[in-house]
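With compact mmCIF, N, CA and C atoms inside, this is start_28.txt:
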```
# COMPACT_ATOMS: atom_id res chain seq x y z
N PHE A 18 7.38 -24.38 16.60
CA PHE A 18 7.40 -23.67 15.34
C PHE A 18 8.80 -23.12 15.09
N VAL A 19 9.14 -22.99 13.81
CA VAL A 19 10.38 -22.34 13.40
C VAL A 19 9.99 -21.02 12.75
N LEU A 20 10.70 -19.96 13.08
CA LEU A 20 10.48 -18.64 12.48
C LEU A 20 11.79 -18.18 11.87
N GLU A 21 11.78 -17.95 10.55
CA GLU A 21 12.98 -17.52 9.84
C GLU A 21 12.74 -16.14 9.24
N ARG A 22 13.77 -15.31 9.27
CA ARG A 22 13.71 -13.98 8.64
C ARG A 22 14.47 -14.07 7.32
N TRP A 23 13.77 -13.74 6.22
CA TRP A 23 14.37 -13.78 4.89
C TRP A 23 14.40 -12.37 4.32
N THR A 24 15.52 -12.01 3.70
CA THR A 24 15.65 -10.74 3.00
C THR A 24 15.83 -11.04 1.51
N LEU A 25 14.93 -10.49 0.69
CA LEU A 25 14.96 -10.75 -0.75
C LEU A 25 15.22 -9.46 -1.52
N THR A 26 16.11 -9.53 -2.49
CA THR A 26 16.33 -8.42 -3.42
C THR A 26 16.07 -8.87 -4.86
N GLN A 27 15.88 -10.18 -5.05
CA GLN A 27 15.57 -10.72 -6.36
C GLN A 27 14.62 -11.90 -6.20
N PRO A 28 14.00 -12.36 -7.28
CA PRO A 28 13.02 -13.44 -7.19
C PRO A 28 13.61 -14.71 -6.58
N LEU A 29 12.74 -15.45 -5.89
CA LEU A 29 13.12 -16.70 -5.23
C LEU A 29 12.10 -17.77 -5.57
N GLU A 30 12.59 -18.94 -5.96
CA GLU A 30 11.73 -20.11 -6.19
C GLU A 30 11.66 -20.87 -4.87
N PHE A 31 10.47 -20.93 -4.27
CA PHE A 31 10.30 -21.60 -2.98
C PHE A 31 9.55 -22.90 -3.16
N SER A 32 10.09 -23.96 -2.56
CA SER A 32 9.43 -25.25 -2.55
C SER A 32 9.84 -25.96 -1.26
N ASP A 33 8.90 -26.51 -0.56
CA ASP A 33 9.17 -27.23 0.68
C ASP A 33 8.78 -28.69 0.46
N ASP A 34 9.77 -29.56 0.38
CA ASP A 34 9.49 -30.97 0.09
C ASP A 34 9.12 -31.77 1.34
N ALA A 35 8.89 -31.09 2.46
CA ALA A 35 8.58 -31.79 3.71
C ALA A 35 7.09 -32.09 3.87
N GLY A 36 6.26 -31.68 2.93
CA GLY A 36 4.83 -31.98 3.02
C GLY A 36 4.12 -31.23 4.13
N ARG A 37 4.42 -29.96 4.28
CA ARG A 37 3.80 -29.13 5.33
C ARG A 37 3.46 -27.77 4.75
N PHE A 38 2.53 -27.07 5.39
CA PHE A 38 2.22 -25.71 4.95
C PHE A 38 3.25 -24.75 5.53
N ASN A 39 3.37 -23.59 4.91
CA ASN A 39 4.26 -22.52 5.36
C ASN A 39 3.47 -21.22 5.39
N THR A 40 3.79 -20.35 6.31
CA THR A 40 3.23 -19.00 6.29
C THR A 40 4.34 -18.01 6.03
N PHE A 41 4.01 -16.95 5.31
CA PHE A 41 4.93 -15.85 5.07
C PHE A 41 4.25 -14.56 5.49
N THR A 42 4.95 -13.73 6.24
CA THR A 42 4.45 -12.42 6.65
C THR A 42 5.47 -11.37 6.22
N LEU A 43 5.00 -10.37 5.49
CA LEU A 43 5.89 -9.31 5.03
C LEU A 43 6.08 -8.28 6.14
N ILE A 44 7.35 -8.02 6.48
CA ILE A 44 7.65 -7.03 7.51
C ILE A 44 8.37 -5.81 6.93
N LYS A 45 8.69 -5.87 5.62
CA LYS A 45 9.24 -4.70 4.92
C LYS A 45 9.04 -4.91 3.43
N GLY A 46 8.57 -3.89 2.76
CA GLY A 46 8.39 -3.96 1.31
C GLY A 46 7.13 -4.69 0.89
N SER A 47 7.15 -5.16 -0.35
CA SER A 47 6.02 -5.88 -0.92
C SER A 47 6.56 -6.94 -1.87
N ALA A 48 5.69 -7.88 -2.24
CA ALA A 48 6.10 -8.96 -3.13
C ALA A 48 4.89 -9.57 -3.80
N THR A 49 5.16 -10.24 -4.92
CA THR A 49 4.14 -11.02 -5.60
C THR A 49 4.48 -12.49 -5.40
N PHE A 50 3.46 -13.26 -5.01
CA PHE A 50 3.60 -14.70 -4.82
C PHE A 50 2.86 -15.39 -5.95
N ASP A 51 3.58 -16.17 -6.76
CA ASP A 51 3.00 -16.89 -7.89
C ASP A 51 3.11 -18.39 -7.64
N GLY A 52 1.98 -19.08 -7.66
CA GLY A 52 2.03 -20.51 -7.48
C GLY A 52 0.68 -21.15 -7.74
N ASN A 53 0.73 -22.38 -8.25
CA ASN A 53 -0.49 -23.15 -8.50
C ASN A 53 -1.48 -22.41 -9.40
N GLY A 54 -0.92 -21.66 -10.37
CA GLY A 54 -1.77 -20.95 -11.32
C GLY A 54 -2.40 -19.67 -10.80
N GLN A 55 -1.97 -19.22 -9.63
CA GLN A 55 -2.52 -17.99 -9.04
C GLN A 55 -1.40 -17.03 -8.71
N SER A 56 -1.74 -15.75 -8.66
CA SER A 56 -0.79 -14.70 -8.31
C SER A 56 -1.42 -13.81 -7.24
N VAL A 57 -0.66 -13.54 -6.19
CA VAL A 57 -1.16 -12.70 -5.10
C VAL A 57 -0.13 -11.61 -4.81
N ASP A 58 -0.59 -10.36 -4.79
CA ASP A 58 0.26 -9.24 -4.42
C ASP A 58 0.14 -9.04 -2.91
N ALA A 59 1.27 -9.00 -2.23
CA ALA A 59 1.28 -8.84 -0.78
C ALA A 59 2.06 -7.59 -0.41
N LYS A 60 1.57 -6.89 0.62
CA LYS A 60 2.23 -5.67 1.08
C LYS A 60 2.57 -5.80 2.55
N LEU A 61 3.19 -4.78 3.09
CA LEU A 61 3.60 -4.76 4.49
C LEU A 61 2.49 -5.25 5.41
N ALA A 62 2.83 -6.18 6.28
CA ALA A 62 1.95 -6.76 7.31
C ALA A 62 0.98 -7.81 6.77
N ASP A 63 0.99 -8.09 5.47
CA ASP A 63 0.15 -9.17 4.94
C ASP A 63 0.79 -10.52 5.26
N SER A 64 -0.05 -11.52 5.51
CA SER A 64 0.40 -12.88 5.73
C SER A 64 -0.26 -13.80 4.71
N LEU A 65 0.50 -14.77 4.23
CA LEU A 65 -0.01 -15.73 3.26
C LEU A 65 0.27 -17.14 3.74
N LEU A 66 -0.66 -18.03 3.48
CA LEU A 66 -0.51 -19.44 3.79
C LEU A 66 -0.22 -20.18 2.49
N ILE A 67 0.92 -20.85 2.43
CA ILE A 67 1.29 -21.62 1.25
C ILE A 67 0.99 -23.09 1.56
N PRO A 68 0.06 -23.71 0.84
CA PRO A 68 -0.30 -25.10 1.12
C PRO A 68 0.87 -26.06 0.88
N ALA A 69 0.83 -27.19 1.54
CA ALA A 69 1.84 -28.23 1.34
C ALA A 69 1.90 -28.63 -0.12
N GLY A 70 3.11 -28.80 -0.63
CA GLY A 70 3.30 -29.28 -1.99
C GLY A 70 3.16 -28.24 -3.09
N VAL A 71 2.93 -26.97 -2.75
CA VAL A 71 2.78 -25.94 -3.76
C VAL A 71 4.10 -25.17 -3.91
N SER A 72 4.70 -25.25 -5.10
CA SER A 72 5.89 -24.46 -5.39
C SER A 72 5.47 -23.03 -5.67
N THR A 73 6.24 -22.08 -5.15
CA THR A 73 5.85 -20.67 -5.23
C THR A 73 7.05 -19.82 -5.63
N ARG A 74 6.82 -18.92 -6.56
CA ARG A 74 7.85 -17.94 -6.93
C ARG A 74 7.52 -16.65 -6.18
N ILE A 75 8.48 -16.16 -5.41
CA ILE A 75 8.31 -14.92 -4.64
C ILE A 75 9.12 -13.83 -5.33
N VAL A 76 8.43 -12.78 -5.78
CA VAL A 76 9.08 -11.71 -6.54
C VAL A 76 8.97 -10.40 -5.76
N PRO A 77 10.09 -9.89 -5.26
CA PRO A 77 10.05 -8.60 -4.55
C PRO A 77 9.56 -7.50 -5.49
N GLN A 78 8.76 -6.58 -4.98
CA GLN A 78 8.20 -5.49 -5.79
C GLN A 78 8.59 -4.13 -5.20
N ASN A 79 9.87 -3.90 -5.07
CA ASN A 79 10.34 -2.66 -4.45
C ASN A 79 11.06 -1.80 -5.46
N GLU A 80 10.78 -0.52 -5.39
CA GLU A 80 11.41 0.44 -6.29
C GLU A 80 12.84 0.72 -5.83
N ASN A 81 13.67 1.18 -6.75
CA ASN A 81 15.04 1.60 -6.46
C ASN A 81 15.88 0.49 -5.85
N GLY A 82 15.61 -0.76 -6.19
CA GLY A 82 16.43 -1.86 -5.72
C GLY A 82 16.32 -2.16 -4.24
N GLY A 83 15.24 -1.71 -3.61
CA GLY A 83 15.06 -1.97 -2.19
C GLY A 83 14.86 -3.45 -1.91
N GLU A 84 14.82 -3.78 -0.65
CA GLU A 84 14.67 -5.17 -0.28
C GLU A 84 13.29 -5.46 0.31
N THR A 85 12.90 -6.70 0.20
CA THR A 85 11.69 -7.20 0.84
C THR A 85 12.13 -8.10 1.98
N VAL A 86 11.54 -7.89 3.14
CA VAL A 86 11.87 -8.74 4.29
C VAL A 86 10.59 -9.45 4.71
N LEU A 87 10.69 -10.75 4.86
CA LEU A 87 9.53 -11.52 5.26
C LEU A 87 9.91 -12.56 6.30
N LEU A 88 8.91 -13.00 7.02
CA LEU A 88 9.09 -14.05 8.02
C LEU A 88 8.43 -15.33 7.50
N ARG A 89 9.17 -16.41 7.55
CA ARG A 89 8.64 -17.72 7.18
C ARG A 89 8.42 -18.50 8.48
N CYS A 90 7.26 -19.10 8.62
CA CYS A 90 6.95 -19.89 9.80
C CYS A 90 6.44 -21.26 9.36
N TYR A 91 6.90 -22.30 10.07
CA TYR A 91 6.46 -23.65 9.76
C TYR A 91 6.68 -24.55 10.97
N VAL A 92 6.02 -25.70 10.96
CA VAL A 92 6.22 -26.72 11.99
C VAL A 92 7.37 -27.61 11.50
N PRO A 93 8.46 -27.67 12.25
CA PRO A 93 9.62 -28.40 11.76
C PRO A 93 9.53 -29.90 11.97
N GLN A 94 10.29 -30.61 11.16
CA GLN A 94 10.62 -31.99 11.46
C GLN A 94 11.91 -31.85 12.27
N LEU A 95 11.84 -32.08 13.56
CA LEU A 95 12.90 -31.72 14.49
C LEU A 95 14.28 -32.22 14.07
N GLN A 96 14.40 -33.47 13.73
CA GLN A 96 15.71 -34.01 13.36
C GLN A 96 16.25 -33.33 12.10
N ARG A 97 15.44 -33.30 11.06
CA ARG A 97 15.88 -32.78 9.76
C ARG A 97 16.07 -31.28 9.73
N ASP A 98 15.16 -30.54 10.34
CA ASP A 98 15.14 -29.08 10.20
C ASP A 98 15.87 -28.34 11.30
N VAL A 99 16.13 -28.98 12.44
CA VAL A 99 16.78 -28.29 13.55
C VAL A 99 18.08 -28.97 13.96
N ILE A 100 18.01 -30.23 14.34
CA ILE A 100 19.18 -30.91 14.89
C ILE A 100 20.29 -31.10 13.84
N GLU A 101 19.98 -31.64 12.67
CA GLU A 101 21.01 -31.87 11.66
C GLU A 101 21.70 -30.58 11.20
N PRO A 102 20.95 -29.47 10.92
CA PRO A 102 21.65 -28.24 10.54
C PRO A 102 22.57 -27.71 11.66
N LEU A 103 22.15 -27.85 12.91
CA LEU A 103 22.99 -27.38 14.01
C LEU A 103 24.26 -28.22 14.13
N ARG A 104 24.15 -29.51 13.94
CA ARG A 104 25.33 -30.37 13.99
C ARG A 104 26.28 -30.11 12.84
N ALA A 105 25.74 -29.74 11.68
CA ALA A 105 26.56 -29.49 10.51
C ALA A 105 27.27 -28.13 10.56
N ALA A 106 26.79 -27.24 11.41
CA ALA A 106 27.35 -25.87 11.47
C ALA A 106 28.72 -25.84 12.14
```
Take the structure in the file and give it back as structure tokens.
Amino acid sequence: FVLERWTLTQPLEFSDDAGRFNTFTLIKGSATFDGNGQSVDAKLADSLLIPAGVSTRIVPQNENGGETVLLRCYVPQLQRDVIEPLRAA
């Protein structure tokens, strides 16, 4: 599994073209996830499963310009998601 820490201060359009599901867990703040005609409000410690092929808009919902921090987890395609980025760095 790959675990990434993302910090958001403004909306993000998320799409994973690898044909896999993704999970997001909020570890600071809150956010609204909009995708596939549905909207879900998530708060600290909530986890969401984003199905494969679903584009999602993630909108931080923090007062005073605060940040939302979330963890993204997915099963990588080893060559594309791990080896190639490391070689390119």
Residues near Ala48 of chain A, anyone? I mean within 7 Å using all atoms listed in the file, not counting same-chain ones fewer than 5 positions away, as a PyMOL selection string.
chain A and resi 57-61+75-79+85
If you count all atoms listed in the file, which residues fall within 5 Å of segment 89-94 of chain A, apart from same-chain ones fewer than 5 positions away, as number ranges by chain?
A: 18-21, 39-41
Can you list, as number ranges by chain, all residues belonging to chain A that DSSP tags as strand (DSSP E)?
A: 19-25, 29-31, 39-45, 48-52, 55-59, 64-67, 73-77, 85-91
Can you tell me how far atom CA of Arg22 of chain A sits from atom C of Val86 of chain A, in Å to one decimal?
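Going from atom CA of Arg22 of chain A over to atom C of Val86 of chain A covers 6.8 Å.
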Just to confirm, what's the straight-line distance from atom CA of Asp34 of chain A to atom CA of Asn53 of chain A in Å (one decimal)?
15.3 Å
For atom C of Trp23 of chain A and atom C of Leu88 of chain A, quote the distance in Å rounded to one decimal.
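Answer for the atom C of Trp23 of chain A to atom C of Leu88 of chain A separation: 7.4 Å.
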Would you mind listing what lies within 7 Å of Asp33 of chain A as an MDAnalysis selection string, with only N, CA and C atoms counted and same-chain residues fewer than 6 positions away left out?
chainID A and resid 69:73
Save out the residues we just selected, N, CA and C atoms, as a compact mmCIF listing (two decimals), in the coordinates of the input.
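Result file follows (out12.txt):
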```txt
# COMPACT_ATOMS: atom_id res chain seq x y z
N ALA A 69 0.83 -27.19 1.54
CA ALA A 69 1.84 -28.23 1.34
C ALA A 69 1.90 -28.63 -0.12
N GLY A 70 3.11 -28.80 -0.63
CA GLY A 70 3.30 -29.28 -1.99
C GLY A 70 3.16 -28.24 -3.09
N VAL A 71 2.93 -26.97 -2.75
CA VAL A 71 2.78 -25.94 -3.76
C VAL A 71 4.10 -25.17 -3.91
N SER A 72 4.70 -25.25 -5.10
CA SER A 72 5.89 -24.46 -5.39
C SER A 72 5.47 -23.03 -5.67
N THR A 73 6.24 -22.08 -5.15
CA THR A 73 5.85 -20.67 -5.23
C THR A 73 7.05 -19.82 -5.63
```
Measuring atom to atom with only C-alpha atoms, identify which of A:Glu80, A:Glu30, A:Asp98, A:Asp51 is nearest to Leu65 of chain A.
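Looking only at the distances to Leu65 of chain A, the closest residue turns out to be A:Asp51.
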Adding 5 Å on each side of the box along x, y and z that holds all listed atoms of segment 30-48 of chain A, could you give its centre and edge lengths in Å to one decimal, as JSON?
```
{"center_x": 7.4, "center_y": -18.0, "center_z": 0.7, "size_x": 20.4, "size_y": 38.2, "size_z": 23.7}
```
Atom completion result for segment 48-68 of chain A (N, CA, C and O atoms) as a PDB file, in the coordinates of the input:
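What ended up in result-v7.pdb:
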```pdb
ATOM      1  N   ALA A  48       5.690  -7.880  -2.240  1.00  0.00           N
ATOM      2  CA  ALA A  48       6.100  -8.960  -3.130  1.00  0.00           C
ATOM      3  C   ALA A  48       4.890  -9.570  -3.800  1.00  0.00           C
ATOM      4  O   ALA A  48       3.768  -9.448  -3.322  1.00  0.00           O
ATOM      5  N   THR A  49       5.160 -10.240  -4.920  1.00  0.00           N
ATOM      6  CA  THR A  49       4.140 -11.020  -5.600  1.00  0.00           C
ATOM      7  C   THR A  49       4.480 -12.490  -5.400  1.00  0.00           C
ATOM      8  O   THR A  49       5.623 -12.900  -5.570  1.00  0.00           O
ATOM      9  N   PHE A  50       3.460 -13.260  -5.010  1.00  0.00           N
ATOM     10  CA  PHE A  50       3.600 -14.700  -4.820  1.00  0.00           C
ATOM     11  C   PHE A  50       2.860 -15.390  -5.950  1.00  0.00           C
ATOM     12  O   PHE A  50       1.656 -15.210  -6.095  1.00  0.00           O
ATOM     13  N   ASP A  51       3.580 -16.170  -6.760  1.00  0.00           N
ATOM     14  CA  ASP A  51       3.000 -16.890  -7.890  1.00  0.00           C
ATOM     15  C   ASP A  51       3.110 -18.390  -7.640  1.00  0.00           C
ATOM     16  O   ASP A  51       4.225 -18.894  -7.422  1.00  0.00           O
ATOM     17  N   GLY A  52       1.980 -19.080  -7.660  1.00  0.00           N
ATOM     18  CA  GLY A  52       2.030 -20.510  -7.480  1.00  0.00           C
ATOM     19  C   GLY A  52       0.680 -21.150  -7.740  1.00  0.00           C
ATOM     20  O   GLY A  52      -0.363 -20.552  -7.522  1.00  0.00           O
ATOM     21  N   ASN A  53       0.730 -22.380  -8.250  1.00  0.00           N
ATOM     22  CA  ASN A  53      -0.490 -23.150  -8.500  1.00  0.00           C
ATOM     23  C   ASN A  53      -1.480 -22.410  -9.400  1.00  0.00           C
ATOM     24  O   ASN A  53      -2.684 -22.473  -9.201  1.00  0.00           O
ATOM     25  N   GLY A  54      -0.920 -21.660 -10.370  1.00  0.00           N
ATOM     26  CA  GLY A  54      -1.770 -20.950 -11.320  1.00  0.00           C
ATOM     27  C   GLY A  54      -2.400 -19.670 -10.800  1.00  0.00           C
ATOM     28  O   GLY A  54      -3.273 -19.096 -11.443  1.00  0.00           O
ATOM     29  N   GLN A  55      -1.970 -19.220  -9.630  1.00  0.00           N
ATOM     30  CA  GLN A  55      -2.520 -17.990  -9.040  1.00  0.00           C
ATOM     31  C   GLN A  55      -1.400 -17.030  -8.710  1.00  0.00           C
ATOM     32  O   GLN A  55      -0.262 -17.426  -8.485  1.00  0.00           O
ATOM     33  N   SER A  56      -1.740 -15.750  -8.660  1.00  0.00           N
ATOM     34  CA  SER A  56      -0.790 -14.700  -8.310  1.00  0.00           C
ATOM     35  C   SER A  56      -1.420 -13.810  -7.240  1.00  0.00           C
ATOM     36  O   SER A  56      -2.580 -13.399  -7.380  1.00  0.00           O
ATOM     37  N   VAL A  57      -0.660 -13.540  -6.190  1.00  0.00           N
ATOM     38  CA  VAL A  57      -1.160 -12.700  -5.100  1.00  0.00           C
ATOM     39  C   VAL A  57      -0.130 -11.610  -4.810  1.00  0.00           C
ATOM     40  O   VAL A  57       1.056 -11.900  -4.614  1.00  0.00           O
ATOM     41  N   ASP A  58      -0.590 -10.360  -4.790  1.00  0.00           N
ATOM     42  CA  ASP A  58       0.260  -9.240  -4.420  1.00  0.00           C
ATOM     43  C   ASP A  58       0.140  -9.040  -2.910  1.00  0.00           C
ATOM     44  O   ASP A  58      -0.970  -8.910  -2.391  1.00  0.00           O
ATOM     45  N   ALA A  59       1.270  -9.000  -2.230  1.00  0.00           N
ATOM     46  CA  ALA A  59       1.280  -8.840  -0.780  1.00  0.00           C
ATOM     47  C   ALA A  59       2.060  -7.590  -0.410  1.00  0.00           C
ATOM     48  O   ALA A  59       3.062  -7.268  -1.040  1.00  0.00           O
ATOM     49  N   LYS A  60       1.570  -6.890   0.620  1.00  0.00           N
ATOM     50  CA  LYS A  60       2.230  -5.670   1.080  1.00  0.00           C
ATOM     51  C   LYS A  60       2.570  -5.800   2.550  1.00  0.00           C
ATOM     52  O   LYS A  60       2.288  -6.818   3.177  1.00  0.00           O
ATOM     53  N   LEU A  61       3.190  -4.780   3.090  1.00  0.00           N
ATOM     54  CA  LEU A  61       3.600  -4.760   4.490  1.00  0.00           C
ATOM     55  C   LEU A  61       2.490  -5.250   5.410  1.00  0.00           C
ATOM     56  O   LEU A  61       1.343  -4.813   5.295  1.00  0.00           O
ATOM     57  N   ALA A  62       2.830  -6.180   6.280  1.00  0.00           N
ATOM     58  CA  ALA A  62       1.950  -6.760   7.310  1.00  0.00           C
ATOM     59  C   ALA A  62       0.980  -7.810   6.770  1.00  0.00           C
ATOM     60  O   ALA A  62       0.230  -8.395   7.553  1.00  0.00           O
ATOM     61  N   ASP A  63       0.990  -8.090   5.470  1.00  0.00           N
ATOM     62  CA  ASP A  63       0.150  -9.170   4.940  1.00  0.00           C
ATOM     63  C   ASP A  63       0.790 -10.520   5.260  1.00  0.00           C
ATOM     64  O   ASP A  63       2.013 -10.660   5.292  1.00  0.00           O
ATOM     65  N   SER A  64      -0.050 -11.520   5.510  1.00  0.00           N
ATOM     66  CA  SER A  64       0.400 -12.880   5.730  1.00  0.00           C
ATOM     67  C   SER A  64      -0.260 -13.800   4.710  1.00  0.00           C
ATOM     68  O   SER A  64      -1.428 -13.616   4.380  1.00  0.00           O
ATOM     69  N   LEU A  65       0.500 -14.770   4.230  1.00  0.00           N
ATOM     70  CA  LEU A  65      -0.010 -15.730   3.260  1.00  0.00           C
ATOM     71  C   LEU A  65       0.270 -17.140   3.740  1.00  0.00           C
ATOM     72  O   LEU A  65       1.331 -17.409   4.312  1.00  0.00           O
ATOM     73  N   LEU A  66      -0.660 -18.030   3.480  1.00  0.00           N
ATOM     74  CA  LEU A  66      -0.510 -19.440   3.790  1.00  0.00           C
ATOM     75  C   LEU A  66      -0.220 -20.180   2.490  1.00  0.00           C
ATOM     76  O   LEU A  66      -1.021 -20.117   1.553  1.00  0.00           O
ATOM     77  N   ILE A  67       0.920 -20.850   2.430  1.00  0.00           N
ATOM     78  CA  ILE A  67       1.290 -21.620   1.250  1.00  0.00           C
ATOM     79  C   ILE A  67       0.990 -23.090   1.560  1.00  0.00           C
ATOM     80  O   ILE A  67       1.605 -23.668   2.462  1.00  0.00           O
ATOM     81  N   PRO A  68       0.060 -23.710   0.840  1.00  0.00           N
ATOM     82  CA  PRO A  68      -0.300 -25.100   1.120  1.00  0.00           C
ATOM     83  C   PRO A  68       0.870 -26.060   0.880  1.00  0.00           C
ATOM     84  O   PRO A  68       1.782 -25.769   0.091  1.00  0.00           O
TER      85      PRO A  68
END
```
